[in-house]
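Notes follow once the structure below has been shown.
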Amino acid sequence: MGIRNLINITDLGTDELFQMMNLADDIIENPSKYSETCRGKTLGTLFFEPSTRTRLSFTAAMMELGGNVLGFSEAASSSAAKGESVSDTVRTVGCYSHIIAMRHPKEGAPVVAADRTTVPIINAGDGGHFHPTQTLTDLLTIRREKKRLDNMVIGVCGDLKFGRTVHSLIGAMLRYENIEFVLISPVELKIPQYVKDAMDKANAKWTEVRTLEEAMPRLDILYMTRVQKERFFNEEDYIRLKDTYVLDLKKLEVAKKDLTILHPLPRVTEISTAVDDDPRAKYFEQALCGKYIRMALILTLLGLDKEVK
Amino acid sequence: MNVDGVSTGIVLDHIQAGKSMQIYKLLGLDKLSCNVAIIQNAKSRKYGKKDIIKIDENFQIDLDVLGFADPHITVNIVKNGKLEKKFHLALPKELIGVIKCKNPRCITSVEQEIVHKFKLVDEESGMYRCEYCDTAYVAK
Ligand SMILES: [Zn+2]
């Protein structure tokens, strides 16, 4: 594979994505085969902004490959708090690690990092910009649940205006044939025009609806996201709307039996905990897929993906 | 194009009318000791009105900067009273250290000593995007 860094999901060709997902599938089936592949290798986790879940997922991935992890979990506990630049931090940590996963509140920070080191850089989130390992996670989960990535109706629900995971997922799914999107959000949080343009350009069908109920019966995938209070101009609008975008067992009554419910987590109230026991709830499987696809990604970027027999 | 008055040097033709002073400053022509002539509001068949700058010296011009400032400019290189080379400018594919990203969430707003880089993504609309944060900048 030609790529050295993963800054944006578009860095990966469709074939490269396919191979990486195959590798993740093989890791899931034969974990012991991979348990020593990263022996002697170190992953640097540079989290200039805290994100416990993402960091733990990378850490678990590297540990299960037999490798080591070092790094920091927030800027306050690192030299970055003393004003050290991304450039200098990455140059330094690049001396102690073989691959780096970094999260930073500023957009484009991983591009700066990639310019300053020969060590592969994985973007673990740069502000509201990209979060490609979340999208990889979503794709792997969908493929494992549906055994395909084409021919399906995907509902995305919640904050579609600021939700970068949704924009990135839609962008990635447009690579595949016959995908239809149902965009479920309040008017205030509608999907941006550029995403609509991208769907039109790819000849993908899409519709905008205001309630989960009207979308539900047709969906193969339901991707839930959080509607944050601070996105609304006033409290009344938020209170009026918030329950509309909460998934509960009642709303699921009209859903398909093989619906797959996803959520990037952390969840707050947008999915009732009663839904967790429904066999269609797959968001914890999704978190697990997040670890496996990161294992596949680390192996691929280190050029170790072909070494395993 | 009349290259009278320039024996060896450069004639920038088809400058958008009114833009010649801006380009004069941008290229640092005020620092030259040779003859520099600015003609404003000359008649143009193509554009109605145009500005022209004549520089009496073979001077190294940053064509990327010039193309970004006005992609319609025609550059004439004159040697010994004859037109040696003539070419049209276009929007440069990349702008390195020419414009600054204005997105306050961009890493370039905090990280020191980063050279601001933009890539041309759409020639027709003149749209550039920041190499770091993808913020759009439309060249006019
Ligand atoms: Zn920028």
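Labeling convention for the structure tokens: chains A, B, ... as they appear, residues from 1 per chain, ligands from 1 in order of appearance.
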If you count only C-alpha atoms and all ligand atoms, which residues end up within 10 Å of ligand 1, as an MDAnalysis selection string?
(chainID A and resid 106:109) or (chainID B and resid 100:109 116:118 129:137)
Produce a file of the selected residues containing C-alpha atoms, as a short mmCIF file (atom, residue, chain, number, x, y, z; two decimals), in the first residue's frame.
```cif
data_model
loop_
_atom_site.label_atom_id
_atom_site.label_comp_id
_atom_site.auth_asym_id
_atom_site.auth_seq_id
_atom_site.Cartn_x
_atom_site.Cartn_y
_atom_site.Cartn_z
CA LYS A 106 -6.93 22.92 15.42
CA GLU A 107 -7.80 21.95 11.86
CA GLY A 108 -4.90 20.75 9.77
CA ALA A 109 -2.58 20.05 12.74
CA LYS B 100 -3.03 33.90 4.80
CA CYS B 101 -5.70 31.50 5.99
CA LYS B 102 -8.35 33.44 7.90
CA ASN B 103 -9.98 30.45 9.61
CA PRO B 104 -9.43 30.99 13.36
CA ARG B 105 -9.69 27.21 13.88
CA CYS B 106 -6.85 26.53 11.44
CA ILE B 107 -3.53 25.31 12.83
CA THR B 108 -1.83 28.16 10.92
CA SER B 109 -3.49 30.59 13.36
CA HIS B 116 0.49 29.36 4.51
CA LYS B 117 -0.26 27.15 1.52
CA PHE B 118 -3.27 27.16 -0.77
CA ARG B 129 -8.30 25.76 -0.48
CA CYS B 130 -6.01 25.95 2.54
CA GLU B 131 -3.66 22.98 2.54
CA TYR B 132 -4.28 22.55 6.27
CA CYS B 133 -7.95 23.22 7.01
CA ASP B 134 -9.52 23.26 3.51
CA THR B 135 -11.00 26.71 4.01
CA ALA B 136 -11.91 28.16 0.62
CA TYR B 137 -10.46 31.37 -0.78
#
```
May I have the residues within 12 Å of Ile61 (chain B) as a PyMOL selection string, using only C-alpha atoms and disregarding those fewer than 3 positions away in the same chain?
chain B and resi 9-12+23-24+26-29+55+57-58+64-67+75-77+89
Work out how far apart CA of Glu49 (chain A) and CA of Cys289 (chain A) are and give it in Å to one decimal.
23.2 Å
How many Å separate CA of Asp15 (chain A) from CA of Asp150 (chain A)?
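Spanning CA of Asp15 (chain A) to CA of Asp150 (chain A) is a straight-line distance of 14.5 Å.
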Region 59-135 of chain B: which residues are alpha helix (DSSP H) by DSSP, as a tab-separated table (two decimals) with C-alpha atoms, in the first residue's frame?
```tsv
chain	number	residue	atom	x	y	z
B	63	LEU	CA	4.68	35.00	-12.04
B	64	ASP	CA	2.66	33.17	-9.39
B	65	VAL	CA	2.09	36.35	-7.44
B	66	LEU	CA	1.32	38.26	-10.61
B	67	GLY	CA	-1.05	35.58	-11.95
B	68	PHE	CA	-2.84	35.53	-8.63
B	69	ALA	CA	-3.21	39.33	-8.62
```
Name the closest residue to Leu46 (chain A) among the candidates A:Thr300, A:Thr10, A:Thr59, A:Thr165; distances are taken between atoms, counting only C-alpha atoms.
A:Thr59
Which residue is closest to Glu307 (chain A)? Choose from A:Lys161, A:Glu29, A:Thr37, A:Pro120 and count only C-alpha atoms.
A:Thr37
When you count only C-alpha atoms, which of these residues is closest to Ala172 (chain A): A:Leu12, A:Val254, A:Ala287, A:Val153?
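Checking each of A:Leu12, A:Val254, A:Ala287, A:Val153 against Ala172 (chain A), counting only C-alpha atoms, the winner is A:Leu12.
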Pull out every residue of chain A sitting within 10 Å of chain B, counting only C-alpha atoms, and send them as a list in words.
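That gives Gly83, Glu84, Ser85, Val86, Ser87, His104, Pro105, Lys106, Glu107, Gly108, Ala109, Pro110, Val111, Val112, Asp126, Gly127, Gly128, His129 and Phe130 of chain A for chain A.
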Atoms to include: C-alpha atoms. Write the selected residues as a PDB file, in the first residue's frame.
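The resulting file, part_20.pdb, is shown below:
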```
ATOM      1  CA  GLY A  83       3.655  26.550  24.379  1.00  0.00           C
ATOM      2  CA  GLU A  84       5.575  23.869  22.511  1.00  0.00           C
ATOM      3  CA  SER A  85       4.470  23.675  18.927  1.00  0.00           C
ATOM      4  CA  VAL A  86       3.031  20.693  17.082  1.00  0.00           C
ATOM      5  CA  SER A  87       6.169  20.711  14.943  1.00  0.00           C
ATOM      6  CA  HIS A 104      -5.547  18.326  18.139  1.00  0.00           C
ATOM      7  CA  PRO A 105      -8.212  21.017  18.470  1.00  0.00           C
ATOM      8  CA  LYS A 106      -6.933  22.917  15.419  1.00  0.00           C
ATOM      9  CA  GLU A 107      -7.799  21.949  11.865  1.00  0.00           C
ATOM     10  CA  GLY A 108      -4.896  20.745   9.772  1.00  0.00           C
ATOM     11  CA  ALA A 109      -2.576  20.054  12.745  1.00  0.00           C
ATOM     12  CA  PRO A 110      -1.815  16.509  11.461  1.00  0.00           C
ATOM     13  CA  VAL A 111      -0.729  17.962   8.105  1.00  0.00           C
ATOM     14  CA  VAL A 112       1.879  19.995   9.962  1.00  0.00           C
ATOM     15  CA  ASP A 126      -8.430  17.637  14.169  1.00  0.00           C
ATOM     16  CA  GLY A 127     -11.095  19.947  15.534  1.00  0.00           C
ATOM     17  CA  GLY A 128     -14.324  19.822  13.585  1.00  0.00           C
ATOM     18  CA  HIS A 129     -12.434  18.860  10.469  1.00  0.00           C
ATOM     19  CA  PHE A 130     -11.620  15.157   9.951  1.00  0.00           C
TER      20      PHE A 130
END
```
Which residues in region 21-261 of chain A does DSSP call strand (DSSP E)? List them as number ranges by chain.
A: 42-47, 68-72, 99-104, 121-126, 152-157, 179-184, 205-209, 221-224, 260-261
Residue nearest Leu95 (chain B) - candidates B:Ala139, B:Ala37, B:Leu83, B:Ile53, atoms counted: only C-alpha atoms:
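Checking each of B:Ala139, B:Ala37, B:Leu83, B:Ile53 against Leu95 (chain B), counting only C-alpha atoms, the winner is B:Ala139.
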CA of Trp206 (chain A) to CA of Phe181 (chain A), distance in Å rounded to a single decimal
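Going from CA of Trp206 (chain A) over to CA of Phe181 (chain A), I get 4.6 Å.
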Selection: 12 Å around Asp200 (chain A), only C-alpha atoms, excl. self and same-chain fewer than 6 positions, as number ranges by chain:
A: 170-171, 174, 179-181, 193-194, 206-207
